[in-house]
>>> print(open('start23.pdb').read())   # PDB, C-alpha atoms
MODEL        1
ATOM      1  CA  MET A   1     -15.313 -64.139  82.314
ATOM      2  CA  PRO A   2     -16.568 -67.642  81.421
ATOM      3  CA  ASP A   3     -14.590 -70.643  82.630
ATOM      4  CA  THR A   4     -13.014 -73.122  80.205
ATOM      5  CA  ALA A   5     -15.899 -75.593  80.402
ATOM      6  CA  SER A   6     -18.588 -73.057  79.575
ATOM      7  CA  LEU A   7     -16.384 -71.584  76.852
ATOM      8  CA  THR A   8     -15.867 -74.929  75.124
ATOM      9  CA  GLY A   9     -19.524 -75.826  75.344
ATOM     10  CA  SER A  10     -20.718 -72.644  73.684
ATOM     11  CA  LEU A  11     -18.393 -72.454  70.683
ATOM     12  CA  HIS A  12     -20.742 -74.104  68.224
ATOM     13  CA  ALA A  13     -23.872 -72.187  69.262
ATOM     14  CA  ALA A  14     -25.393 -70.196  66.415
ATOM     15  CA  ASP A  15     -24.841 -66.918  68.274
ATOM     16  CA  ALA A  16     -21.309 -67.607  69.548
ATOM     17  CA  ILE A  17     -18.865 -64.761  68.904
ATOM     18  CA  ALA A  18     -15.082 -64.900  68.628
ATOM     19  CA  VAL A  19     -13.084 -61.688  69.100
ATOM     20  CA  VAL A  20      -9.832 -61.297  67.150
ATOM     21  CA  ILE A  21      -7.294 -58.620  68.149
ATOM     22  CA  PRO A  22      -4.157 -57.901  66.077
ATOM     23  CA  HIS A  23      -1.343 -56.490  68.202
ATOM     24  CA  LEU A  24       2.105 -54.993  67.722
ATOM     25  CA  ASN A  25       4.193 -53.337  70.431
ATOM     26  CA  GLN A  26       1.248 -51.831  72.326
ATOM     27  CA  PRO A  27       1.061 -53.849  75.577
ATOM     28  CA  ASP A  28      -0.465 -51.024  77.628
ATOM     29  CA  PHE A  29      -3.184 -50.425  75.056
ATOM     30  CA  LEU A  30      -3.789 -54.176  74.767
ATOM     31  CA  ALA A  31      -4.276 -54.420  78.528
ATOM     32  CA  ARG A  32      -6.867 -51.635  78.389
ATOM     33  CA  CYS A  33      -8.612 -53.313  75.447
ATOM     34  CA  LEU A  34      -8.825 -56.667  77.250
ATOM     35  CA  ASP A  35     -10.087 -54.913  80.397
ATOM     36  CA  SER A  36     -12.855 -53.294  78.366
ATOM     37  CA  LEU A  37     -13.853 -56.678  76.938
ATOM     38  CA  ALA A  38     -14.011 -58.122  80.456
ATOM     39  CA  ARG A  39     -16.496 -55.403  81.468
ATOM     40  CA  MET A  40     -18.923 -55.993  78.604
ATOM     41  CA  THR A  41     -22.516 -57.037  79.237
ATOM     42  CA  ARG A  42     -22.180 -59.782  76.612
ATOM     43  CA  GLN A  43     -18.953 -61.744  76.943
ATOM     44  CA  PRO A  44     -17.045 -63.162  73.934
ATOM     45  CA  ASP A  45     -17.006 -66.914  73.539
ATOM     46  CA  GLU A  46     -13.429 -66.823  72.268
ATOM     47  CA  ILE A  47     -10.694 -64.181  72.316
ATOM     48  CA  VAL A  48      -7.549 -64.513  70.221
ATOM     49  CA  VAL A  49      -4.738 -61.948  70.361
ATOM     50  CA  VAL A  50      -2.538 -62.231  67.277
ATOM     51  CA  ASP A  51       0.860 -60.673  67.839
ATOM     52  CA  ASN A  52       2.517 -59.327  64.701
ATOM     53  CA  GLY A  53       6.164 -59.243  65.812
ATOM     54  CA  SER A  54       6.345 -57.563  69.215
ATOM     55  CA  LEU A  55       9.504 -57.611  71.304
ATOM     56  CA  PRO A  56       8.771 -58.808  73.878
ATOM     57  CA  LEU A  57       5.552 -60.728  73.388
ATOM     58  CA  PRO A  58       2.608 -59.581  75.556
ATOM     59  CA  ASP A  59       2.507 -62.879  77.468
ATOM     60  CA  ALA A  60       2.086 -61.235  80.853
ATOM     61  CA  VAL A  61      -0.822 -59.101  79.652
ATOM     62  CA  CYS A  62      -2.715 -61.996  78.087
ATOM     63  CA  ALA A  63      -2.003 -64.368  80.984
ATOM     64  CA  LYS A  64      -4.301 -62.295  83.217
ATOM     65  CA  TYR A  65      -7.298 -63.460  81.186
ATOM     66  CA  PRO A  66      -7.890 -67.241  81.220
ATOM     67  CA  ASN A  67      -9.964 -67.276  78.024
ATOM     68  CA  VAL A  68      -7.469 -65.244  75.943
ATOM     69  CA  ARG A  69      -5.292 -67.134  73.488
ATOM     70  CA  LEU A  70      -2.049 -65.491  72.330
ATOM     71  CA  VAL A  71      -0.577 -66.543  68.982
ATOM     72  CA  GLN A  72       1.968 -65.084  66.541
ATOM     73  CA  GLU A  73       1.717 -64.047  62.893
ATOM     74  CA  LEU A  74       5.078 -62.822  61.598
ATOM     75  CA  THR A  75       3.856 -61.745  58.156
ATOM     76  CA  PRO A  76       3.694 -57.959  58.640
ATOM     77  CA  GLY A  77       0.296 -56.300  58.681
ATOM     78  CA  PRO A  78      -2.981 -56.333  60.590
ATOM     79  CA  GLY A  79      -4.659 -58.150  57.691
ATOM     80  CA  PRO A  80      -2.538 -61.315  57.978
ATOM     81  CA  ALA A  81      -2.899 -61.132  61.772
ATOM     82  CA  ARG A  82      -6.686 -61.051  61.485
ATOM     83  CA  ASN A  83      -6.644 -63.916  58.995
ATOM     84  CA  LEU A  84      -4.709 -66.150  61.384
ATOM     85  CA  GLY A  85      -6.915 -65.252  64.324
ATOM     86  CA  ALA A  86     -10.064 -66.034  62.375
ATOM     87  CA  SER A  87      -8.655 -69.391  61.243
ATOM     88  CA  LEU A  88      -7.917 -70.433  64.832
ATOM     89  CA  THR A  89     -11.445 -69.824  66.116
ATOM     90  CA  THR A  90     -14.646 -71.778  65.609
ATOM     91  CA  ALA A  91     -17.495 -69.414  66.524
ATOM     92  CA  PRO A  92     -19.864 -68.667  63.612
ATOM     93  CA  ILE A  93     -19.614 -64.901  64.215
ATOM     94  CA  LEU A  94     -16.306 -63.015  64.199
ATOM     95  CA  ALA A  95     -15.761 -59.621  65.831
ATOM     96  CA  PHE A  96     -12.606 -57.636  65.073
ATOM     97  CA  ILE A  97     -11.240 -54.864  67.278
ATOM     98  CA  ASP A  98      -7.813 -53.219  67.336
ATOM     99  CA  ALA A  99      -5.486 -53.529  70.309
ATOM    100  CA  ASP A 100      -5.515 -49.769  70.940
ATOM    101  CA  CYS A 101      -9.323 -49.578  71.057
ATOM    102  CA  LEU A 102     -11.716 -49.777  73.987
ATOM    103  CA  ALA A 103     -14.968 -51.668  73.597
ATOM    104  CA  ASP A 104     -18.144 -50.066  74.885
ATOM    105  CA  GLU A 105     -19.790 -52.251  77.512
ATOM    106  CA  SER A 106     -22.651 -53.014  75.105
ATOM    107  CA  TRP A 107     -20.434 -53.624  72.021
ATOM    108  CA  LEU A 108     -21.184 -57.323  71.606
ATOM    109  CA  THR A 109     -24.707 -57.008  73.011
ATOM    110  CA  GLN A 110     -25.491 -54.651  70.147
ATOM    111  CA  ALA A 111     -23.692 -56.892  67.649
ATOM    112  CA  ALA A 112     -25.529 -60.010  68.781
ATOM    113  CA  ALA A 113     -28.890 -58.229  68.596
ATOM    114  CA  ALA A 114     -28.174 -57.089  65.030
ATOM    115  CA  MET A 115     -27.056 -60.589  64.047
ATOM    116  CA  ASP A 116     -30.358 -62.016  65.298
ATOM    117  CA  ASP A 117     -31.608 -60.983  61.862
ATOM    118  CA  PRO A 118     -30.574 -63.855  59.567
ATOM    119  CA  ALA A 119     -30.212 -61.372  56.694
ATOM    120  CA  ALA A 120     -27.460 -59.481  58.529
ATOM    121  CA  SER A 121     -24.025 -60.577  57.356
ATOM    122  CA  ILE A 122     -21.545 -57.728  57.970
ATOM    123  CA  LEU A 123     -21.800 -55.044  60.655
ATOM    124  CA  GLY A 124     -19.842 -51.830  61.071
ATOM    125  CA  GLY A 125     -20.117 -49.823  64.266
ATOM    126  CA  ASP A 126     -19.454 -46.333  65.545
ATOM    127  CA  VAL A 127     -15.837 -45.439  66.364
ATOM    128  CA  ARG A 128     -15.389 -42.463  68.657
ATOM    129  CA  ILE A 129     -12.259 -40.757  69.944
ATOM    130  CA  ALA A 130     -11.266 -41.626  73.509
ATOM    131  CA  LEU A 131     -10.347 -38.238  74.976
ATOM    132  CA  ALA A 132      -7.393 -38.202  77.358
ATOM    133  CA  ASP A 133      -8.850 -35.162  79.182
ATOM    134  CA  PRO A 134     -12.348 -34.115  78.057
ATOM    135  CA  ALA A 135     -11.841 -30.736  79.748
ATOM    136  CA  ARG A 136      -8.746 -29.994  77.659
ATOM    137  CA  VAL A 137      -9.199 -31.392  74.179
ATOM    138  CA  THR A 138      -6.123 -31.297  71.938
ATOM    139  CA  MET A 139      -6.059 -30.213  68.286
ATOM    140  CA  LEU A 140      -5.646 -33.773  67.069
ATOM    141  CA  GLU A 141      -8.437 -35.045  69.329
ATOM    142  CA  ALA A 142     -10.797 -32.338  68.077
ATOM    143  CA  TYR A 143      -9.874 -32.938  64.433
ATOM    144  CA  GLU A 144     -10.113 -36.719  64.626
ATOM    145  CA  SER A 145     -13.371 -36.594  66.585
ATOM    146  CA  ILE A 146     -14.999 -35.099  63.486
ATOM    147  CA  TYR A 147     -12.974 -36.516  60.615
ATOM    148  CA  ALA A 148     -11.534 -39.867  61.674
ATOM    149  CA  TYR A 149     -13.231 -43.254  61.747
ATOM    150  CA  ARG A 150     -16.506 -42.113  60.167
ATOM    151  CA  MET A 151     -17.801 -45.605  59.542
ATOM    152  CA  ASP A 152     -21.318 -44.411  58.745
ATOM    153  CA  ARG A 153     -19.934 -42.402  55.807
ATOM    154  CA  TYR A 154     -17.532 -45.110  54.686
ATOM    155  CA  ILE A 155     -20.362 -47.633  54.534
ATOM    156  CA  ALA A 156     -22.816 -45.329  52.763
ATOM    157  CA  ARG A 157     -20.399 -43.735  50.295
ATOM    158  CA  GLU A 158     -17.529 -46.146  49.760
ATOM    159  CA  GLY A 159     -18.845 -49.608  50.525
ATOM    160  CA  PHE A 160     -16.544 -50.573  53.397
ATOM    161  CA  THR A 161     -16.147 -50.240  57.140
ATOM    162  CA  GLY A 162     -13.102 -50.191  59.376
ATOM    163  CA  THR A 163     -11.715 -53.476  60.603
ATOM    164  CA  GLY A 164     -11.198 -52.020  64.081
ATOM    165  CA  ASN A 165     -14.942 -52.403  64.656
ATOM    166  CA  LEU A 166     -16.147 -55.105  62.304
ATOM    167  CA  VAL A 167     -18.490 -58.038  62.920
ATOM    168  CA  VAL A 168     -19.009 -60.636  60.212
ATOM    169  CA  ARG A 169     -20.424 -64.118  59.826
ATOM    170  CA  ARG A 170     -17.696 -66.691  59.297
ATOM    171  CA  THR A 171     -19.445 -68.022  56.198
ATOM    172  CA  VAL A 172     -19.279 -64.548  54.643
ATOM    173  CA  LEU A 173     -15.608 -64.075  55.540
ATOM    174  CA  ASN A 174     -14.829 -67.414  53.920
ATOM    175  CA  ARG A 175     -16.752 -66.450  50.790
ATOM    176  CA  VAL A 176     -15.222 -62.980  50.418
ATOM    177  CA  GLY A 177     -11.730 -64.220  51.216
ATOM    178  CA  PRO A 178      -8.886 -63.093  53.500
ATOM    179  CA  PHE A 179      -7.829 -59.583  54.416
ATOM    180  CA  GLY A 180      -5.001 -58.122  52.355
ATOM    181  CA  GLY A 181      -1.476 -57.263  53.412
ATOM    182  CA  LEU A 182       0.425 -54.012  53.622
ATOM    183  CA  ASP A 183       0.197 -53.354  49.891
ATOM    184  CA  VAL A 184      -3.480 -52.365  50.237
ATOM    185  CA  ALA A 185      -5.726 -50.546  52.701
ATOM    186  CA  GLU A 186      -7.003 -53.876  53.956
ATOM    187  CA  ASP A 187     -10.292 -52.654  55.436
ATOM    188  CA  ARG A 188     -11.339 -50.799  52.288
ATOM    189  CA  ASP A 189     -10.103 -53.612  50.059
ATOM    190  CA  TRP A 190     -11.998 -56.321  51.943
ATOM    191  CA  GLY A 191     -15.189 -54.308  52.382
ATOM    192  CA  GLN A 192     -15.370 -53.305  48.732
ATOM    193  CA  ARG A 193     -14.748 -56.886  47.640
ATOM    194  CA  ALA A 194     -17.649 -57.918  49.857
ATOM    195  CA  THR A 195     -20.032 -55.289  48.503
ATOM    196  CA  LYS A 196     -19.104 -56.144  44.909
ATOM    197  CA  MET A 197     -20.153 -59.709  45.700
ATOM    198  CA  GLY A 198     -23.554 -58.446  46.825
ATOM    199  CA  GLU A 199     -23.023 -58.366  50.581
ATOM    200  CA  VAL A 200     -24.622 -55.487  52.484
ATOM    201  CA  ILE A 201     -22.700 -53.789  55.295
ATOM    202  CA  ARG A 202     -25.059 -52.573  58.008
ATOM    203  CA  TYR A 203     -24.142 -49.621  60.192
ATOM    204  CA  VAL A 204     -25.010 -50.240  63.854
ATOM    205  CA  PRO A 205     -24.552 -46.944  65.762
ATOM    206  CA  GLY A 206     -24.896 -48.588  69.168
ATOM    207  CA  MET A 207     -21.992 -50.934  68.424
ATOM    208  CA  LYS A 208     -19.330 -48.557  69.749
ATOM    209  CA  VAL A 209     -15.604 -48.711  70.276
ATOM    210  CA  TYR A 210     -13.295 -45.881  71.322
ATOM    211  CA  HIS A 211      -9.965 -45.151  69.650
ATOM    212  CA  PRO A 212      -7.296 -42.843  71.085
ATOM    213  CA  ALA A 213      -6.383 -39.843  68.976
ATOM    214  CA  ARG A 214      -2.911 -39.685  67.571
ATOM    215  CA  GLN A 215      -0.566 -37.860  69.907
ATOM    216  CA  GLN A 216       1.672 -36.299  67.267
ATOM    217  CA  PHE A 217       1.001 -34.724  63.894
ATOM    218  CA  SER A 218       3.658 -37.006  62.386
ATOM    219  CA  GLN A 219       1.454 -40.008  63.200
ATOM    220  CA  LEU A 220      -1.420 -38.480  61.247
ATOM    221  CA  VAL A 221       0.974 -37.746  58.374
ATOM    222  CA  GLN A 222       2.071 -41.380  58.358
ATOM    223  CA  LYS A 223      -1.535 -42.513  58.038
ATOM    224  CA  TRP A 224      -2.234 -40.208  55.085
ATOM    225  CA  ASP A 225       1.062 -41.089  53.393
ATOM    226  CA  ARG A 226      -0.039 -44.690  53.310
ATOM    227  CA  HIS A 227      -3.513 -43.821  52.022
ATOM    228  CA  MET A 228      -2.127 -41.547  49.310
ATOM    229  CA  SER A 229       0.277 -44.229  48.121
ATOM    230  CA  HIS A 230      -2.654 -46.625  47.718
ATOM    231  CA  ASP A 231      -4.824 -43.983  46.044
ATOM    232  CA  ILE A 232      -2.312 -42.986  43.377
ATOM    233  CA  THR A 233      -1.471 -46.601  42.608
ATOM    234  CA  ARG A 234      -5.149 -47.148  41.793
ATOM    235  CA  ALA A 235      -5.482 -43.791  40.008
ATOM    236  CA  ARG A 236      -2.653 -44.581  37.589
ATOM    237  CA  THR A 237      -4.646 -47.493  36.168
ATOM    238  CA  ARG A 238      -7.387 -45.159  34.899
ATOM    239  CA  PRO A 239      -7.566 -42.963  31.776
ATOM    240  CA  LEU A 240      -6.469 -39.338  32.102
ATOM    241  CA  TRP A 241      -5.295 -39.983  35.621
ATOM    242  CA  GLN A 242      -3.065 -36.894  35.652
ATOM    243  CA  LEU A 243      -6.013 -34.576  34.999
ATOM    244  CA  ARG A 244      -8.153 -36.308  37.599
ATOM    245  CA  TRP A 245      -5.372 -36.293  40.203
ATOM    246  CA  GLY A 246      -4.528 -32.659  39.483
ATOM    247  CA  ALA A 247      -8.143 -31.589  39.944
ATOM    248  CA  LYS A 248      -8.369 -33.535  43.187
ATOM    249  CA  THR A 249      -5.179 -31.837  44.409
ATOM    250  CA  LEU A 250      -6.583 -28.361  43.739
ATOM    251  CA  VAL A 251      -9.811 -29.174  45.554
ATOM    252  CA  MET A 252      -7.851 -30.593  48.503
ATOM    253  CA  GLY A 253      -5.988 -27.339  49.075
ATOM    254  CA  ALA A 254      -9.137 -25.226  48.982
ATOM    255  CA  SER A 255     -11.465 -27.586  50.843
ATOM    256  CA  PRO A 256     -11.163 -26.508  54.514
ATOM    257  CA  LEU A 257     -13.420 -23.456  54.105
ATOM    258  CA  ALA A 258     -16.165 -25.638  52.640
ATOM    259  CA  GLU A 259     -15.980 -27.794  55.777
ATOM    260  CA  LEU A 260     -16.836 -25.019  58.230
ATOM    261  CA  PRO A 261     -20.597 -25.791  58.287
ATOM    262  CA  ARG A 262     -19.840 -29.426  59.083
ATOM    263  CA  ILE A 263     -17.509 -28.480  61.934
ATOM    264  CA  ILE A 264     -20.050 -26.042  63.367
ATOM    265  CA  ALA A 265     -22.907 -28.564  63.202
ATOM    266  CA  SER A 266     -21.003 -31.639  64.401
ATOM    267  CA  ASP A 267     -22.273 -33.398  67.517
ATOM    268  CA  ARG A 268     -18.934 -35.183  67.950
ATOM    269  CA  VAL A 269     -17.291 -32.166  69.649
ATOM    270  CA  THR A 270     -18.584 -29.538  72.060
ATOM    271  CA  GLY A 271     -17.733 -25.869  72.489
ATOM    272  CA  LEU A 272     -16.160 -23.159  70.361
ATOM    273  CA  ARG A 273     -12.604 -24.045  71.380
ATOM    274  CA  SER A 274     -12.895 -27.636  70.203
ATOM    275  CA  ARG A 275     -14.393 -26.556  66.887
ATOM    276  CA  ALA A 276     -11.640 -24.008  66.318
ATOM    277  CA  LEU A 277      -9.023 -26.655  67.060
ATOM    278  CA  ALA A 278     -10.715 -29.081  64.665
ATOM    279  CA  PHE A 279     -10.595 -26.468  61.895
ATOM    280  CA  ALA A 280      -6.921 -25.739  62.587
ATOM    281  CA  GLY A 281      -6.121 -29.443  62.373
ATOM    282  CA  LEU A 282      -8.084 -29.757  59.145
ATOM    283  CA  VAL A 283      -6.235 -26.856  57.505
ATOM    284  CA  ARG A 284      -2.864 -28.289  58.507
ATOM    285  CA  ILE A 285      -3.431 -31.847  57.326
ATOM    286  CA  ARG A 286      -5.109 -30.884  54.050
ATOM    287  CA  ALA A 287      -2.312 -28.470  53.213
ATOM    288  CA  TYR A 288       0.116 -31.316  53.795
ATOM    289  CA  ARG A 289      -1.908 -33.696  51.636
ATOM    290  CA  ALA A 290      -2.103 -31.144  48.814
ATOM    291  CA  ARG A 291       1.699 -30.784  48.856
ATOM    292  CA  ARG A 292       2.231 -34.536  48.823
ATOM    293  CA  MET A 293      -0.325 -35.045  46.059
ATOM    294  CA  THR A 294       1.460 -32.417  43.968
ATOM    295  CA  GLY A 295       4.735 -34.274  44.459
ATOM    296  CA  LEU A 296       3.129 -37.541  43.405
ATOM    297  CA  LEU A 297       1.702 -35.883  40.310
ATOM    298  CA  VAL A 298       4.952 -34.314  39.091
ATOM    299  CA  GLY A 299       7.152 -37.225  40.111
ATOM    300  CA  THR A 300       9.162 -35.650  42.927
ATOM    301  CA  THR A 301       7.595 -38.053  45.459
ATOM    302  CA  ASP A 302       7.614 -41.837  45.094
ATOM    303  CA  ALA A 303       4.474 -43.714  46.120
ATOM    304  CA  GLN A 304       6.408 -46.623  47.608
ATOM    305  CA  THR A 305       8.266 -44.383  50.023
ATOM    306  CA  LEU A 306       4.910 -43.180  51.388
ATOM    307  CA  ALA A 307       3.466 -46.626  52.001
ATOM    308  CA  GLY A 308       5.409 -47.183  55.207
ATOM    309  CA  ARG A 309       4.839 -50.218  57.357
ATOM    310  CA  TRP A 310       1.994 -50.852  59.772
ATOM    311  CA  ASN A 311       2.971 -49.517  63.194
ATOM    312  CA  ARG A 312       6.682 -50.049  62.556
ATOM    313  CA  GLY A 313       7.943 -46.480  62.750
TER     314      GLY A 313
ENDMDL
END
>>> encode(input="start23.pdb", output="structure tokens")
Amino acid sequence: MPDTASLTGSLHAADAIAVVIPHLNQPDFLARCLDSLARMTRQPDEIVVVDNGSLPLPDAVCAKYPNVRLVQELTPGPGPARNLGASLTTAPILAFIDADCLADESWLTQAAAAMDDPAASILGGDVRIALADPARVTMLEAYESIYAYRMDRYIAREGFTGTGNLVVRRTVLNRVGPFGGLDVAEDRDWGQRATKMGEVIRYVPGMKVYHPARQQFSQLVQKWDRHMSHDITRARTRPLWQLRWGAKTLVMGASPLAELPRIIASDRVTGLRSRALAFAGLVRIRAYRARRMTGLLVGTTDAQTLAGRWNRG
């Protein structure tokens, strides 16, 4: 890790990179994340951990790393936490990673190489599942290995990338504006605002981070509840939204069979067992989503009750 003198001297270099990490009640994960940053081949010039209301604060974790700054943002949500962290750094390039992620040793090396091109403004990298035991993959690990965090598809099809592995020039962040709060999916919202302004998000497959799979099905449900609340809020602003939503609901319930070729061909899992588990997870979560979408359509489910709060149970 660089000492304070070298850190201060490098902040205004054109290739200096600041890493911003939002955190809430995950001290063990944060420690692993900071350890992974310390092992990288290209070290950050600044690291800011923005705590979003933890009790207690992760002071002891951050104190082990002399170049890590710990600050607090009490407005709930990873978006406001990222905004504060960005505002407290000076490096011209900002890299965002989540506290429960592990950075590949070449994460910032790959990012810096891509940013050597002056035309590059926003980078999204590959997010893979960190398997607890590769010899005994769980259903959720198998499912999420194929279907979660597919930044290549998000960039190509939807014009955004996840903020858990995002690198952006500060000038672009300032132009696009801050990340949103809990009322929006802040990564999709920010990325689509950027692309509408003409910015191009580049996918850099070598820019890898690893995210743990959810340990319980209820955690996956919570994620999709939030997404569905955002989706129907947007859908209701469009003509004939009931017909569109109803058609989407029908397709959702029948979609797992159409996904079999993708599961079979995927290079993100290995072996028949893992593929069977991925299919089982897909059937379960899409059946749940179809039920929830039906409730939203007929009015037996309220969108606000699905929104939840970021990592607050």
>>> resolve_selection(input="start23.pdb", expression="the PyMOL selection byres ((chain A and resi 12-18) around 8)", output="NGL selection string")
:A and (9-11 or 19-20 or 44-48 or 89-95 or 112 or 115-116)
>>> resolve_selection(input="start23.pdb", expression="the PyMOL selection byres ((chain A and resi 285-295) around 8)", output="short mmCIF file (atom, residue, chain, number, x, y, z; two decimals) with C-alpha atoms, in the coordinates of the input")
data_model
loop_
_atom_site.label_atom_id
_atom_site.label_comp_id
_atom_site.auth_asym_id
_atom_site.auth_seq_id
_atom_site.Cartn_x
_atom_site.Cartn_y
_atom_site.Cartn_z
CA LEU A 220 -1.42 -38.48 61.25
CA VAL A 221 0.97 -37.75 58.37
CA TRP A 224 -2.23 -40.21 55.08
CA MET A 228 -2.13 -41.55 49.31
CA TRP A 245 -5.37 -36.29 40.20
CA GLY A 246 -4.53 -32.66 39.48
CA THR A 249 -5.18 -31.84 44.41
CA LEU A 250 -6.58 -28.36 43.74
CA MET A 252 -7.85 -30.59 48.50
CA GLY A 253 -5.99 -27.34 49.08
CA SER A 255 -11.46 -27.59 50.84
CA PRO A 256 -11.16 -26.51 54.51
CA GLY A 281 -6.12 -29.44 62.37
CA LEU A 282 -8.08 -29.76 59.14
CA VAL A 283 -6.24 -26.86 57.50
CA ARG A 284 -2.86 -28.29 58.51
CA LEU A 296 3.13 -37.54 43.40
CA LEU A 297 1.70 -35.88 40.31
CA VAL A 298 4.95 -34.31 39.09
CA GLY A 299 7.15 -37.22 40.11
CA THR A 300 9.16 -35.65 42.93
CA THR A 301 7.60 -38.05 45.46
#
>>> closest_residue(input="start23.pdb", among="A:Gln26, A:Thr305, A:Thr270, A:Thr237", to="Gly53 (chain A)", atoms="all atoms listed in the file")
A:Gln26
>>> resolve_selection(input="start23.pdb", expression="the PyMOL selection byres ((chain A and resi 108) around 8)", output="list of chain:residue names")
A:Met40, A:Thr41, A:Arg42, A:Gln43, A:Pro44, A:Glu105, A:Ser106, A:Trp107, A:Thr109, A:Gln110, A:Ala111, A:Ala112, A:Met207
>>> closest_residue(input="start23.pdb", among="A:Gly181, A:Leu55, A:Val209, A:Leu74", to="Gly125 (chain A)", atoms="all atoms listed in the file")
A:Val209
>>> closest_residue(input="start23.pdb", among="A:Val184, A:Val172, A:Leu84, A:Cys33", to="Ala103 (chain A)", atoms="only C-alpha atoms")
A:Cys33
>>> residues_around(input="start23.pdb", residues="region 58-67 of chain A", least_positions_apart="5", cutoff="12 Å", atoms="only C-alpha atoms", output="JSON, numbers by chain")
{"A": [1, 2, 3, 4, 5, 6, 7, 8, 18, 19, 21, 22, 23, 24, 25, 26, 27, 28, 29, 30, 31, 32, 33, 34, 35, 36, 37, 38, 43, 44, 45, 46, 47, 48, 49, 50, 51, 52, 53, 72, 99]}
>>> residues_around(input="start23.pdb", residues="Ala148 (chain A)", least_positions_apart="4", cutoff="9 Å", atoms="all atoms listed in the file", output="list in words")
Val127, Arg128, Ile129, Tyr143, Glu144 and Ala213 of chain A
>>> atom_distance(input="start23.pdb", atom1="CA of Gly79 (chain A)", atom2="CA of Glu186 (chain A)")
6.1 Å
>>> atom_distance(input="start23.pdb", atom1="CA of Ser266 (chain A)", atom2="CA of Ala254 (chain A)")
20.5 Å
>>> closest_residue(input="start23.pdb", among="A:Arg273, A:Val68, A:Asp98, A:Leu243", to="Thr138 (chain A)", atoms="all atoms listed in the file")
A:Arg273
>>> atom_distance(input="start23.pdb", atom1="CA of Ile201 (chain A)", atom2="CA of Leu182 (chain A)")
23.2 Å
>>> closest_residue(input="start23.pdb", among="A:Ala120, A:Ile264, A:Ala303, A:Leu277", to="Leu140 (chain A)", atoms="only C-alpha atoms")
A:Leu277
>>> closest_residue(input="start23.pdb", among="A:Pro178, A:Gly198, A:Gly124, A:Pro134", to="Arg153 (chain A)", atoms="only C-alpha atoms")
A:Gly124
>>> residues_near_point(input="start23.pdb", point="(-12.2, -42.1, 58.5)", cutoff="12 Å", atoms="all atoms listed in the file", output="MDAnalysis selection string")
chainID A and resid 126:129 143:155 157:158 160:164 187:188 211 220 223:224 227
